[in-house]
>>> print(open('entry-v4.txt').read())   # compact mmCIF, C-alpha atoms and all ligand atoms
# COMPACT_ATOMS: atom_id res chain seq x y z
CA MET A 832 42.30 124.84 131.72
CA PRO A 833 42.61 128.38 130.34
CA LEU A 834 45.57 128.92 128.09
CA PRO A 835 48.05 131.60 129.26
CA CYS A 836 48.25 134.44 126.80
CA HIS A 837 51.33 136.65 126.56
CA LEU A 838 51.24 140.03 124.93
CA VAL A 839 54.48 141.21 123.35
CA ARG A 840 54.51 144.73 122.03
CA SER A 841 57.17 145.85 119.59
CA LYS A 842 57.77 148.19 116.66
CA ARG A 843 55.98 145.80 114.29
CA LYS A 844 53.15 147.03 112.06
CA SER A 845 50.51 144.31 112.36
CA LEU A 846 49.02 141.89 114.88
CA ALA A 847 50.05 138.25 114.88
CA VAL A 848 49.36 135.31 117.12
CA HIS A 849 51.73 132.39 117.74
CA VAL A 850 50.21 129.28 119.23
CA ARG A 851 52.27 126.83 121.28
CA HIS A 852 51.18 123.74 123.18
CA ASP A 853 51.40 125.56 126.53
CA ARG A 854 50.59 129.18 125.70
CA ILE A 855 49.74 131.66 123.03
CA GLU A 856 51.73 134.73 122.27
CA VAL A 857 50.19 137.80 120.72
CA ARG A 858 52.64 140.11 118.96
CA ALA A 859 51.30 143.61 118.68
CA PRO A 860 52.39 147.07 117.53
CA LEU A 861 53.34 149.47 120.35
CA ARG A 862 50.28 151.71 120.17
CA ILE A 863 47.39 149.44 119.33
CA ALA A 864 44.43 149.49 121.77
CA ARG A 865 43.70 146.49 123.97
CA ARG A 866 40.16 146.37 122.60
CA GLU A 867 41.50 145.91 119.08
CA ILE A 868 43.74 143.08 120.22
CA LEU A 869 40.80 141.31 121.87
CA GLN A 870 38.69 141.75 118.75
CA PHE A 871 41.51 140.31 116.67
CA LEU A 872 41.73 137.29 118.98
CA SER A 873 38.01 136.62 118.98
CA ARG A 874 37.97 136.88 115.17
CA HIS A 875 40.64 134.16 115.01
CA GLN A 876 39.37 132.09 117.93
CA ALA A 877 38.47 129.01 115.90
CA TRP A 878 41.88 128.98 114.20
CA VAL A 879 43.69 129.46 117.53
CA CYS A 880 41.77 126.55 119.10
CA ARG A 881 42.44 124.26 116.17
CA LYS A 882 46.14 125.17 116.15
CA HIS A 883 46.37 124.68 119.89
CA GLN A 884 44.84 121.19 119.73
CA GLU A 885 47.30 120.29 117.00
CA LYS A 886 50.26 121.56 119.11
CA VAL A 887 49.09 119.67 122.20
CA LYS A 888 48.84 116.48 120.15
CA ARG A 889 52.33 117.05 118.69
CA ALA A 890 53.84 117.76 122.10
CA SER A 891 52.35 114.52 123.44
CA GLU A 892 53.95 112.63 120.54
CA HIS A 893 57.52 113.74 121.30
CA LEU A 894 59.85 110.81 121.71
CA ALA A 895 59.91 109.38 125.23
CA LEU A 896 62.60 106.83 126.06
CA SER A 897 60.57 104.81 128.55
CA ASP A 898 59.59 101.15 128.47
CA GLY A 899 56.51 100.69 126.29
CA SER A 900 56.63 104.11 124.59
CA PRO A 901 56.07 104.30 120.86
CA ILE A 902 58.99 105.30 118.66
CA LEU A 903 59.02 106.16 114.97
CA TYR A 904 62.24 104.61 113.66
CA LYS A 905 62.93 104.77 109.90
CA ALA A 906 59.19 105.38 109.38
CA GLN A 907 58.23 102.23 111.32
CA ASN A 908 56.15 102.33 114.47
CA LEU A 909 58.13 100.40 117.07
CA THR A 910 57.92 100.08 120.85
CA VAL A 911 60.75 101.17 123.15
CA ARG A 912 61.97 98.42 125.50
CA LEU A 913 64.39 98.99 128.37
CA ARG A 914 66.37 95.99 129.59
CA THR A 915 68.97 95.62 132.30
CA ALA A 916 72.10 94.02 130.85
CA PRO A 917 75.84 94.15 131.57
CA ARG A 918 76.54 95.75 128.19
CA SER A 919 75.06 99.00 126.89
CA GLU A 920 73.56 98.60 123.44
CA VAL A 921 70.58 99.31 121.20
CA ILE A 922 68.96 96.53 119.20
CA VAL A 923 66.20 97.02 116.63
CA SER A 924 63.82 94.19 115.76
CA ALA A 925 60.72 94.17 113.56
CA THR A 926 58.56 95.51 116.39
CA GLU A 927 60.84 96.83 119.15
CA LEU A 928 63.79 99.10 119.77
CA THR A 929 65.52 97.78 122.86
CA ILE A 930 67.92 99.94 124.86
CA SER A 931 69.91 97.94 127.36
CA GLY A 932 72.57 98.75 129.92
CA PRO A 933 73.61 98.14 133.53
CA ASP A 934 71.80 101.28 134.75
CA LEU A 935 68.38 102.28 133.38
CA ALA A 936 68.18 105.75 134.97
CA PRO A 937 66.63 108.12 132.36
CA GLU A 938 69.88 110.03 131.74
CA LYS A 939 71.81 106.76 131.27
CA VAL A 940 69.21 105.45 128.82
CA ALA A 941 69.36 108.75 126.92
CA ALA A 942 73.18 108.53 126.81
CA VAL A 943 73.15 104.99 125.35
CA PHE A 944 70.58 106.02 122.73
CA LYS A 945 72.50 109.18 121.89
CA GLY A 946 75.80 107.28 121.53
CA TRP A 947 74.13 104.80 119.20
CA LEU A 948 72.69 107.54 116.94
CA GLN A 949 75.92 109.56 116.97
CA GLN A 950 77.89 106.52 115.89
CA GLN A 951 75.54 106.01 112.93
CA ALA A 952 75.68 109.72 112.08
CA LYS A 953 79.50 109.68 112.04
CA ALA A 954 79.62 106.54 109.94
CA TRP A 955 77.12 107.77 107.37
CA LEU A 956 76.91 111.55 107.00
CA PRO A 957 80.49 112.89 106.50
CA GLY A 958 81.37 110.44 103.69
CA ARG A 959 78.17 111.03 101.76
CA THR A 960 78.37 114.78 102.30
CA ARG A 961 81.92 114.92 100.95
CA ALA A 962 81.09 112.67 97.98
CA LEU A 963 78.11 114.81 96.97
CA ALA A 964 80.08 118.05 97.40
CA GLU A 965 82.78 116.67 95.10
CA HIS A 966 80.20 115.45 92.58
CA LEU A 967 78.75 118.97 92.46
CA GLY A 968 82.19 120.54 92.07
CA VAL A 969 82.16 122.27 95.47
CA GLY A 970 84.39 119.80 97.32
CA THR A 971 86.93 122.50 98.15
CA LYS A 972 84.22 124.71 99.70
CA LEU A 973 83.32 122.05 102.27
CA THR A 974 85.58 122.66 105.27
CA ASP A 975 84.07 120.47 107.98
CA VAL A 976 81.13 118.22 108.92
CA VAL A 977 80.06 118.44 112.58
CA PHE A 978 77.20 117.12 114.74
CA ARG A 979 75.00 118.88 117.21
CA LYS A 980 71.57 118.35 118.68
CA THR A 981 69.98 121.73 118.18
CA LYS A 982 66.52 122.78 119.31
CA SER A 983 64.75 122.91 116.00
CA LYS A 984 67.06 122.28 113.06
CA TRP A 985 68.17 119.19 111.17
CA GLY A 986 71.10 120.77 109.46
CA HIS A 987 72.96 124.00 108.89
CA CYS A 988 75.61 125.24 106.48
CA THR A 989 77.77 128.24 107.37
CA ALA A 990 79.30 130.76 104.98
CA GLN A 991 82.67 129.19 105.88
CA GLY A 992 81.54 125.86 104.41
CA ARG A 993 80.96 124.06 107.67
CA ILE A 994 77.99 121.68 107.55
CA GLN A 995 76.32 120.77 110.80
CA TYR A 996 73.86 117.92 111.26
CA ASN A 997 71.54 117.03 114.09
CA TRP A 998 72.31 113.35 114.77
CA LEU A 999 68.61 112.72 115.56
CA ILE A 1000 68.10 112.69 111.77
CA MET A 1001 69.41 109.10 111.86
CA LEU A 1002 65.94 108.15 113.17
CA ALA A 1003 64.45 109.25 109.83
CA PRO A 1004 64.12 107.03 106.73
CA ASP A 1005 67.23 106.88 104.49
CA GLY A 1006 65.59 108.95 101.76
CA VAL A 1007 64.98 111.79 104.22
CA ILE A 1008 68.60 111.60 105.44
CA ASP A 1009 69.86 111.79 101.86
CA TYR A 1010 67.58 114.75 101.22
CA MET A 1011 69.08 116.51 104.28
CA ILE A 1012 72.59 115.90 102.92
CA CYS A 1013 71.50 117.27 99.55
CA HIS A 1014 69.84 120.27 101.24
CA GLU A 1015 73.00 121.27 103.09
CA VAL A 1016 75.49 120.52 100.29
CA CYS A 1017 73.42 122.60 97.82
CA HIS A 1018 73.95 125.55 100.18
CA LEU A 1019 77.61 125.37 99.12
CA LEU A 1020 76.28 126.33 95.66
CA HIS A 1021 73.69 128.87 96.86
CA MET A 1022 73.70 130.30 100.40
CA ASN A 1023 69.92 130.89 100.32
CA HIS A 1024 66.62 129.22 99.52
CA SER A 1025 66.18 130.93 96.15
CA PRO A 1026 64.50 129.24 93.14
CA ALA A 1027 68.01 128.53 91.77
CA TYR A 1028 68.87 126.77 95.03
CA TRP A 1029 65.75 124.55 94.87
CA GLN A 1030 66.50 123.75 91.22
CA ALA A 1031 69.93 122.50 92.30
CA VAL A 1032 68.28 120.40 95.06
CA ALA A 1033 65.79 118.94 92.53
CA ARG A 1034 68.61 117.92 90.17
CA VAL A 1035 70.20 115.80 92.93
CA CYS A 1036 67.02 114.75 94.71
CA PRO A 1037 64.02 114.91 92.32
CA ASP A 1038 61.68 113.63 95.08
CA TYR A 1039 62.71 116.29 97.59
CA LYS A 1040 59.16 117.61 98.11
CA ARG A 1041 58.10 114.22 99.43
CA TYR A 1042 60.89 114.29 102.01
CA VAL A 1043 60.17 117.89 103.02
CA GLY A 1044 56.55 116.80 103.50
CA TRP A 1045 57.56 113.74 105.54
CA LEU A 1046 59.63 115.91 107.88
CA LYS A 1047 56.82 118.43 108.27
CA GLN A 1048 54.39 115.69 109.22
CA HIS A 1049 56.61 113.51 111.43
CA GLU A 1050 59.66 115.41 112.66
CA HIS A 1051 58.16 116.26 116.06
CA ARG A 1052 58.13 112.53 116.83
CA LEU A 1053 61.92 112.31 116.47
CA TRP A 1054 62.71 114.86 119.21
CA PHE A 1055 63.43 114.00 122.77
ZN ZN B 1 68.52 125.48 104.00
>>> encode(input="entry-v4.txt", output="structure tokens", more="lines below")
Ligand SMILES: [Zn+2]
Amino acid sequence: MPLPCHLVRSKRKSLAVHVRHDRIEVRAPLRIARREILQFLSRHQAWVCRKHQEKVKRASEHLALSDGSPILYKAQNLTVRLRTAPRSEVIVSATELTISGPDLAPEKVAAVFKGWLQQQAKAWLPGRTRALAEHLGVGTKLTDVVFRKTKSKWGHCTAQGRIQYNWLIMLAPDGVIDYMICHEVCHLLHMNHSPAYWQAVARVCPDYKRYVGWLKQHEHRLWF
């Protein structure tokens, strides 16, 4: 199937191509000739194809909450099981993650799973966030810890000292979760990603590069 290609012209100075699983987007300066754009694309054809295959594979690996689907939970490959039961709950065994409830309609299953992750997020993240902020001497800067499932972010720290977490992070291994806490709390020291900021991260979490790498490689599997 040919891949739809969108051309977006703007005041930018150079050509760029963004590859997604379902389309590619070419960003071009206002006055560049069509011929030049086509030449640019054919020059980068191999890269675009490779990138596209990678994106298709990643999109197919997004978390699906259906019976028999694979799920990456705390870095373990488990199988999702759906079971009809009077009580709604999630149970993790060595090989399966079972979501049960009286109604197994997809939105009900998603709600049970979401409630389970949110409960873990609330029990784990605020306390550790506050403790680390106090340890780093920025306890008074931390105003609030909130939860939201955003489209592409695991965490966020505002200039007002409000730290926001995506509760889907509870699917990640504990080391990755602690790195996320460290990442956001260190923004109370430095509101940027400067070398000084990363030095502060490394003091708290010397292995942080491993966790950044783990997220890069696996995070698409935690989204649903
Ligand atoms: Zn950051």
>>> closest_atom_pairs(input="entry-v4.txt", of="chain A", to="ligand ZN 1 (chain B)", cutoff="10 Å", atoms="only C-alpha atoms and all ligand atoms", output="tab-separated table")
residue	atom	partner	partner_atom	distance
A:Lys984	CA	B:ZN1	ZN	9.7
A:Trp985	CA	B:ZN1	ZN	9.5
A:Gly986	CA	B:ZN1	ZN	7.7
A:His987	CA	B:ZN1	ZN	6.8
A:Cys988	CA	B:ZN1	ZN	7.5
A:Met1011	CA	B:ZN1	ZN	9.0
A:Cys1013	CA	B:ZN1	ZN	9.8
A:His1014	CA	B:ZN1	ZN	6.0
A:Glu1015	CA	B:ZN1	ZN	6.2
A:Val1016	CA	B:ZN1	ZN	9.3
A:Cys1017	CA	B:ZN1	ZN	8.4
A:His1018	CA	B:ZN1	ZN	6.6
A:His1021	CA	B:ZN1	ZN	9.4
A:Met1022	CA	B:ZN1	ZN	7.9
A:Asn1023	CA	B:ZN1	ZN	6.7
A:His1024	CA	B:ZN1	ZN	6.1
A:Ser1025	CA	B:ZN1	ZN	9.8
A:Tyr1028	CA	B:ZN1	ZN	9.1
A:Trp1029	CA	B:ZN1	ZN	9.6
>>> residues_near_point(input="entry-v4.txt", point="(80.4, 117.5, 99.7)", cutoff="7 Å", atoms="all atoms listed in the file", output="MDAnalysis selection string")
chainID A and resid 960:965 969:970 973 1016
>>> residues_around(input="entry-v4.txt", residues="A:Ala936", least_positions_apart="5", cutoff="12 Å", atoms="all atoms listed in the file", output="list in words")
Leu896, Ser897, Asp898, Leu913, Arg914, Thr915, Ile930, Ser931, Ala941, Ala942 and Val943 of chain A
>>> residues_near_point(input="entry-v4.txt", point="(46.9, 121.6, 121.8)", cutoff="12 Å", atoms="only C-alpha atoms", output="list of chain:residue names")
A:Met832, A:Pro833, A:Leu834, A:Val850, A:Arg851, A:His852, A:Asp853, A:Arg854, A:Ile855, A:Trp878, A:Val879, A:Cys880, A:Arg881, A:Lys882, A:His883, A:Gln884, A:Glu885, A:Lys886, A:Val887, A:Lys888, A:Arg889, A:Ala890, A:Ser891, A:Glu892
>>> atom_distance(input="entry-v4.txt", atom1="atom CA of A:Leu948", atom2="atom CA of A:Ala895")
15.3 Å
>>> closest_residue(input="entry-v4.txt", among="A:Lys972, A:Arg918, A:Arg862, A:Arg979", to="A:Lys953", atoms="all atoms listed in the file")
A:Arg979
>>> atom_distance(input="entry-v4.txt", atom1="atom CA of A:Lys939", atom2="atom CA of A:Leu999")
17.1 Å
